[in-house]
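Trainee: Dropping in target29.pdb, with PDB, C-alpha atoms.
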```pdb
MODEL        1
ATOM      1  CA  ASP X 299      -6.253  12.273  -0.889
ATOM      2  CA  PRO X 300      -8.498  15.322  -1.568
ATOM      3  CA  ALA X 301      -6.350  16.275  -4.565
ATOM      4  CA  LYS X 302      -7.555  13.126  -6.367
ATOM      5  CA  ALA X 303     -11.245  13.515  -5.444
ATOM      6  CA  ASP X 304     -12.466  15.463  -8.474
ATOM      7  CA  ARG X 305     -16.147  15.695  -7.520
ATOM      8  CA  LEU X 306     -15.282  16.683  -3.972
ATOM      9  CA  LEU X 307     -13.030  19.434  -5.273
ATOM     10  CA  GLN X 308     -15.854  20.669  -7.519
ATOM     11  CA  LEU X 309     -18.167  20.870  -4.527
ATOM     12  CA  GLN X 310     -15.530  22.709  -2.547
ATOM     13  CA  GLN X 311     -15.148  25.260  -5.320
ATOM     14  CA  GLN X 312     -18.913  25.754  -5.470
ATOM     15  CA  HIS X 313     -19.260  26.087  -1.687
ATOM     16  CA  ALA X 314     -15.880  27.394  -0.594
ATOM     17  CA  ASP X 315     -17.363  29.020   2.496
ATOM     18  CA  ARG X 316     -18.914  25.748   3.731
ATOM     19  CA  ILE X 317     -16.545  22.921   2.742
ATOM     20  CA  THR X 318     -13.042  22.233   4.005
ATOM     21  CA  THR X 319     -11.123  19.180   2.814
ATOM     22  CA  LEU X 320      -8.260  17.399   4.520
ATOM     23  CA  PRO X 321      -6.467  14.089   3.939
ATOM     24  CA  MET X 322      -7.244  11.048   6.082
ATOM     25  CA  ASP X 323      -6.200   7.445   5.503
ATOM     26  CA  VAL X 324      -8.508   5.176   7.515
ATOM     27  CA  THR X 325      -5.917   2.384   7.429
ATOM     28  CA  LYS X 326      -3.387   4.483   9.372
ATOM     29  CA  GLU X 327      -4.238   5.442  12.937
ATOM     30  CA  GLU X 328      -1.875   8.403  13.003
ATOM     31  CA  SER X 329      -3.673   9.854   9.970
ATOM     32  CA  VAL X 330      -7.105   9.450  11.583
ATOM     33  CA  GLN X 331      -5.820  10.931  14.838
ATOM     34  CA  ALA X 332      -4.323  13.944  13.067
ATOM     35  CA  ALA X 333      -7.561  14.579  11.162
ATOM     36  CA  ALA X 334      -9.577  14.334  14.365
ATOM     37  CA  GLN X 335      -7.274  16.803  16.083
ATOM     38  CA  GLN X 336      -7.569  19.307  13.242
ATOM     39  CA  ILE X 337     -11.349  19.017  13.070
ATOM     40  CA  SER X 338     -11.661  19.341  16.840
ATOM     41  CA  GLU X 339      -9.675  22.565  16.766
ATOM     42  CA  GLU X 340     -11.779  23.997  13.938
ATOM     43  CA  THR X 341     -15.166  23.017  15.421
ATOM     44  CA  SER X 342     -14.631  23.819  19.109
ATOM     45  CA  GLY X 343     -14.623  20.110  19.873
ATOM     46  CA  ARG X 344     -18.019  19.037  18.558
ATOM     47  CA  VAL X 345     -19.511  17.717  15.326
ATOM     48  CA  ASP X 346     -23.172  17.083  14.477
ATOM     49  CA  LEU X 347     -22.674  14.314  11.915
ATOM     50  CA  ILE X 348     -19.881  11.946  10.933
ATOM     51  CA  LEU X 349     -20.669   9.895   7.827
ATOM     52  CA  ASN X 350     -18.095   7.220   7.035
ATOM     53  CA  THR X 351     -18.135   6.256   3.350
ATOM     54  CA  ALA X 352     -14.742   4.537   3.123
ATOM     55  CA  GLY X 353     -14.972   0.961   1.896
ATOM     56  CA  ILE X 354     -13.435  -1.587  -0.443
ATOM     57  CA  LEU X 355     -14.866  -4.506  -2.418
ATOM     58  CA  HIS X 356     -12.241  -4.864  -5.147
ATOM     59  CA  ASP X 357      -9.149  -2.948  -6.219
ATOM     60  CA  GLN X 358      -9.899  -2.524  -9.926
ATOM     61  CA  ASN X 359      -9.939   1.267  -9.631
ATOM     62  CA  GLU X 360      -6.824   1.588  -7.517
ATOM     63  CA  PRO X 361      -3.380   2.550  -8.833
ATOM     64  CA  PHE X 362      -1.932  -0.367  -6.843
ATOM     65  CA  SER X 363      -4.477  -2.817  -8.332
ATOM     66  CA  GLU X 364      -3.486  -6.474  -8.166
ATOM     67  CA  GLY X 365      -6.690  -7.668  -9.792
ATOM     68  CA  ASN X 366      -8.392  -8.510  -6.509
ATOM     69  CA  MET X 367     -12.104  -9.266  -6.805
ATOM     70  CA  PRO X 368     -14.611 -10.778  -4.357
ATOM     71  CA  GLU X 369     -13.806 -14.466  -3.852
ATOM     72  CA  ARG X 370     -16.302 -17.017  -5.114
ATOM     73  CA  GLN X 371     -14.756 -19.990  -3.363
ATOM     74  CA  LEU X 372     -12.400 -20.853  -0.512
ATOM     75  CA  SER X 373      -9.503 -21.663  -2.834
ATOM     76  CA  GLN X 374      -9.398 -17.990  -3.916
ATOM     77  CA  LEU X 375      -8.851 -16.631  -0.417
ATOM     78  CA  SER X 376      -5.768 -14.476   0.146
ATOM     79  CA  GLN X 377      -4.656 -13.553   3.632
ATOM     80  CA  ASP X 378      -3.359 -10.153   2.500
ATOM     81  CA  TRP X 379      -6.558  -9.246   0.653
ATOM     82  CA  PHE X 380      -8.746 -10.455   3.522
ATOM     83  CA  LEU X 381      -6.778  -8.362   6.017
ATOM     84  CA  HIS X 382      -6.971  -5.335   3.723
ATOM     85  CA  ASN X 383     -10.760  -5.687   3.615
ATOM     86  CA  MET X 384     -10.850  -5.868   7.402
ATOM     87  CA  GLN X 385      -8.526  -2.903   7.670
ATOM     88  CA  VAL X 386     -10.656  -0.656   5.441
ATOM     89  CA  ASN X 387     -14.184  -1.916   6.088
ATOM     90  CA  CYS X 388     -14.007  -2.570   9.827
ATOM     91  CA  MET X 389     -10.878  -1.152  11.427
ATOM     92  CA  GLY X 390     -11.283   2.107   9.482
ATOM     93  CA  PRO X 391     -14.620   3.040  11.067
ATOM     94  CA  MET X 392     -13.327   1.652  14.379
ATOM     95  CA  LEU X 393     -10.411   4.126  14.337
ATOM     96  CA  ILE X 394     -12.732   6.956  13.318
ATOM     97  CA  LEU X 395     -14.996   6.157  16.258
ATOM     98  CA  LYS X 396     -12.028   5.914  18.598
ATOM     99  CA  HIS X 397     -10.625   9.327  17.761
ATOM    100  CA  PHE X 398     -13.780  11.252  16.841
ATOM    101  CA  HIS X 399     -16.226  10.054  19.483
ATOM    102  CA  PRO X 400     -15.216  12.753  22.018
ATOM    103  CA  MET X 401     -16.709  15.243  19.531
ATOM    104  CA  LEU X 402     -20.069  13.447  19.469
ATOM    105  CA  VAL X 403     -22.294  15.128  22.034
ATOM    106  CA  ALA X 404     -25.934  15.186  23.066
ATOM    107  CA  THR X 405     -26.258  18.858  23.965
ATOM    108  CA  ARG X 406     -29.029  20.669  22.181
ATOM    109  CA  SER X 407     -27.567  24.114  22.820
ATOM    110  CA  SER X 408     -28.628  26.791  20.351
ATOM    111  CA  GLY X 409     -31.060  24.313  18.827
ATOM    112  CA  ARG X 410     -28.323  21.966  17.619
ATOM    113  CA  PRO X 411     -29.316  18.288  17.407
ATOM    114  CA  PHE X 412     -27.647  15.331  19.081
ATOM    115  CA  SER X 413     -24.603  14.017  17.234
ATOM    116  CA  VAL X 414     -24.874  11.124  14.783
ATOM    117  CA  PHE X 415     -22.226   8.693  13.542
ATOM    118  CA  ALA X 416     -23.379   6.815  10.434
ATOM    119  CA  SER X 417     -21.260   4.320   8.515
ATOM    120  CA  LEU X 418     -21.993   2.751   5.147
ATOM    121  CA  SER X 419     -22.464  -0.994   5.322
ATOM    122  CA  ALA X 420     -23.921  -3.626   2.994
ATOM    123  CA  ARG X 421     -26.658  -6.208   3.105
ATOM    124  CA  VAL X 422     -24.139  -8.927   2.263
ATOM    125  CA  GLY X 423     -22.723  -8.416   5.769
ATOM    126  CA  SER X 424     -25.855 -10.028   7.177
ATOM    127  CA  ILE X 425     -25.326 -13.561   8.520
ATOM    128  CA  GLU X 426     -29.021 -14.440   8.435
ATOM    129  CA  ASP X 427     -29.484 -13.156   4.882
ATOM    130  CA  ASN X 428     -26.451 -14.971   3.432
ATOM    131  CA  ARG X 429     -27.973 -17.439   0.984
ATOM    132  CA  LEU X 430     -25.500 -17.208  -1.904
ATOM    133  CA  GLY X 431     -22.118 -17.584  -0.216
ATOM    134  CA  GLY X 432     -18.921 -16.228  -1.761
ATOM    135  CA  TRP X 433     -17.475 -12.752  -1.326
ATOM    136  CA  TYR X 434     -15.677 -14.009   1.782
ATOM    137  CA  SER X 435     -13.483 -11.036   2.608
ATOM    138  CA  TYR X 436     -16.165  -8.445   1.971
ATOM    139  CA  ARG X 437     -18.916 -10.345   3.772
ATOM    140  CA  VAL X 438     -16.805 -11.030   6.844
ATOM    141  CA  SER X 439     -15.456  -7.474   7.060
ATOM    142  CA  LYS X 440     -18.957  -5.986   6.750
ATOM    143  CA  ALA X 441     -20.342  -8.431   9.330
ATOM    144  CA  ALA X 442     -17.564  -7.292  11.668
ATOM    145  CA  HIS X 443     -18.384  -3.687  10.774
ATOM    146  CA  ASN X 444     -22.022  -4.207  11.752
ATOM    147  CA  GLN X 445     -21.017  -5.691  15.103
ATOM    148  CA  LEU X 446     -18.706  -2.725  15.664
ATOM    149  CA  ILE X 447     -21.565  -0.299  15.000
ATOM    150  CA  ARG X 448     -23.908  -2.178  17.317
ATOM    151  CA  THR X 449     -21.357  -2.309  20.120
ATOM    152  CA  ALA X 450     -20.305   1.335  19.796
ATOM    153  CA  ALA X 451     -23.969   2.363  19.735
ATOM    154  CA  ILE X 452     -24.527   0.732  23.129
ATOM    155  CA  GLU X 453     -21.669   2.738  24.620
ATOM    156  CA  LEU X 454     -22.383   6.065  22.955
ATOM    157  CA  THR X 455     -26.161   6.009  23.389
ATOM    158  CA  ARG X 456     -25.462   6.502  27.091
ATOM    159  CA  ARG X 457     -24.139   9.913  26.096
ATOM    160  CA  GLY X 458     -27.217  10.652  24.020
ATOM    161  CA  CYS X 459     -25.524  10.099  20.645
ATOM    162  CA  VAL X 460     -26.835   7.888  17.838
ATOM    163  CA  VAL X 461     -24.640   5.406  15.947
ATOM    164  CA  VAL X 462     -26.091   3.525  12.964
ATOM    165  CA  ALA X 463     -25.162   1.523   9.858
ATOM    166  CA  LEU X 464     -26.574   2.538   6.478
ATOM    167  CA  HIS X 465     -27.135   0.357   3.407
ATOM    168  CA  PRO X 466     -27.248   2.521   0.262
ATOM    169  CA  GLY X 467     -28.191  -0.263  -2.147
ATOM    170  CA  THR X 468     -26.289  -0.652  -5.420
ATOM    171  CA  VAL X 469     -25.015   2.789  -6.376
ATOM    172  CA  ASN X 470     -23.547   3.717  -9.752
ATOM    173  CA  THR X 471     -19.957   4.213  -8.592
ATOM    174  CA  GLY X 472     -16.625   2.552  -9.248
ATOM    175  CA  LEU X 473     -17.348   0.104  -6.420
ATOM    176  CA  SER X 474     -20.254  -1.490  -8.277
ATOM    177  CA  VAL X 475     -19.100  -1.160 -11.909
ATOM    178  CA  PRO X 476     -17.804  -4.764 -12.255
ATOM    179  CA  PHE X 477     -21.173  -6.135 -11.080
ATOM    180  CA  GLN X 478     -23.707  -3.806 -12.680
ATOM    181  CA  ALA X 479     -24.568  -6.183 -15.537
ATOM    182  CA  ARG X 480     -26.487  -8.324 -13.030
ATOM    183  CA  VAL X 481     -28.369  -5.385 -11.505
ATOM    184  CA  LYS X 482     -31.836  -4.393 -12.720
ATOM    185  CA  PRO X 483     -31.827  -0.790 -14.033
ATOM    186  CA  GLU X 484     -34.354   0.327 -11.417
ATOM    187  CA  LYS X 485     -32.113  -1.094  -8.663
ATOM    188  CA  LEU X 486     -29.007   0.817  -9.767
ATOM    189  CA  PHE X 487     -29.129   4.182  -8.037
ATOM    190  CA  ALA X 488     -27.421   7.406  -9.038
ATOM    191  CA  ALA X 489     -24.955   8.616  -6.428
ATOM    192  CA  ASP X 490     -26.817  11.897  -5.873
ATOM    193  CA  TYR X 491     -30.105  10.055  -5.351
ATOM    194  CA  ALA X 492     -28.562   7.555  -2.921
ATOM    195  CA  ALA X 493     -26.886  10.341  -0.949
ATOM    196  CA  SER X 494     -30.174  12.216  -0.714
ATOM    197  CA  MET X 495     -32.014   9.134   0.539
ATOM    198  CA  LEU X 496     -29.327   8.395   3.124
ATOM    199  CA  LEU X 497     -29.440  11.945   4.431
ATOM    200  CA  ASP X 498     -33.219  11.669   4.733
ATOM    201  CA  VAL X 499     -32.695   8.610   6.938
ATOM    202  CA  VAL X 500     -30.132  10.463   9.041
ATOM    203  CA  ASP X 501     -32.435  13.463   9.446
ATOM    204  CA  ALA X 502     -35.205  11.199  10.758
ATOM    205  CA  LEU X 503     -33.059   9.352  13.324
ATOM    206  CA  ASP X 504     -33.931   9.386  17.001
ATOM    207  CA  HIS X 505     -32.397   7.753  20.070
ATOM    208  CA  PRO X 506     -34.324   4.442  19.801
ATOM    209  CA  ASP X 507     -32.662   3.937  16.384
ATOM    210  CA  ALA X 508     -29.163   3.653  17.892
ATOM    211  CA  GLY X 509     -27.355   0.518  16.717
ATOM    212  CA  SER X 510     -29.788  -0.122  13.868
ATOM    213  CA  PHE X 511     -29.115  -1.033  10.240
ATOM    214  CA  PHE X 512     -31.036   1.017   7.683
TER     215      PHE X 512
ENDMDL
END
```
The structure in this file should be written as structure tokens.
Mentor:
Amino acid sequence: DPAKADRLLQLQQQHADRITTLPMDVTKEESVQAAAQQISEETSGRVDLILNTAGILHDQNEPFSEGNMPERQLSQLSQDWFLHNMQVNCMGPMLILKHFHPMLVATRSSGRPFSVFASLSARVGSIEDNRLGGWYSYRVSKAAHNQLIRTAAIELTRRGCVVVALHPGTVNTGLSVPFQARVKPEKLFAADYAASMLLDVVDALDHPDAGSFF
């Protein structure tokens, strides 16, 4: 809901000629489809970059909060919470890819670059790197997310587009607040800094990078 995104609204006010906001709920396909349709109409059917930042680890900041936190053991698993993680962290980007991918193109007309789809992931989604266990719902949903990105990259690279997963590290946002006490100060990144670093990665992407995790 753009009306509740204070910082986004501030940016829109500062750059009214460059930023347009619209609502999109990644857990509802009709919402994603409607947003894609609107953006397609306003951009003549092509976009240069789609950056998916939607994700959930806990619900402490949500108005509907039920106190859900990452599970430390099997006995804490909840089917509803697990499915919600899958819905937001994996099916969300899947629906975005489904409805937005026709706007991802390889043409370099007028000096425009090939299109990029980048989606925020997390290192804890790695199967090989999982040495601590726990965080079942989040780990599984991010592992599924990474497989989605890899698979979509194989399909869309044939069109000359680049699809990647990005790991921003631990960023000072509401997502990480409950866990920041265990993070070294130099490993806790300001949101502006993390965004800048991620955009640097995106700017440097080339076709051989398709399907990679950065």
Trainee: Could you expand the PyMOL selection byres ((chain X and resi 447-453) around 12) into the explicit residues it covers here, written as a ChimeraX atom specification?
Mentor: /X:350,387-396,399,402,413-419,440-446,454-464,505-511
Trainee: Go through X:Leu375, X:Val469, X:Ala502, X:Leu381 one by one, measure the shortest atom-to-atom distance of each to Phe487 in chain X using all atoms listed in the file, and give the residue with the smallest value.
Mentor: X:Val469
Trainee: Counting only C-alpha atoms, which of X:Pro411, X:Val403, X:Pro476, X:Leu320 gets nearest to Gly365 in chain X?
Mentor: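 Between X:Pro411, X:Val403, X:Pro476, X:Leu320, the residue approaching Gly365 in chain X most closely is X:Pro476.
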Trainee: Which centre and which edge lengths, in Å to one decimal, describe the axis-aligned box that holds all listed atoms of range 312-328 of chain X after 6 Å is added on each side, as lines of an AutoDock Vina configuration file?
Mentor:
```
center_x = -10.6
center_y = 15.7
center_z = 3.8
size_x = 29.4
size_y = 38.6
size_z = 30.5
```
Trainee: Rounded to one decimal in Å, what is the spacing between CA of Ile317 in chain X and CA of Thr341 in chain X?
Mentor: 12.8 Å
Trainee: For the structure provided, state which residues fall under the PyMOL selection byres ((chain X and resi 423-426) around 7), and present them as a PDB file with C-alpha atoms, keeping the file's coordinate frame.
Mentor:
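File written: result.pdb
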```
ATOM      1  CA  ALA X 420     -23.921  -3.626   2.994  1.00  0.00           C
ATOM      2  CA  ARG X 421     -26.658  -6.208   3.105  1.00  0.00           C
ATOM      3  CA  VAL X 422     -24.139  -8.927   2.263  1.00  0.00           C
ATOM      4  CA  ASP X 427     -29.484 -13.156   4.882  1.00  0.00           C
ATOM      5  CA  ASN X 428     -26.451 -14.971   3.432  1.00  0.00           C
ATOM      6  CA  ARG X 437     -18.916 -10.345   3.772  1.00  0.00           C
ATOM      7  CA  VAL X 438     -16.805 -11.030   6.844  1.00  0.00           C
ATOM      8  CA  LYS X 440     -18.957  -5.986   6.750  1.00  0.00           C
ATOM      9  CA  ALA X 441     -20.342  -8.431   9.330  1.00  0.00           C
TER      10      ALA X 441
END
```
Trainee: What does the distance between CA of Phe398 in chain X and CA of Arg305 in chain X come to in Å, to one decimal place?
Mentor: 24.9 Å
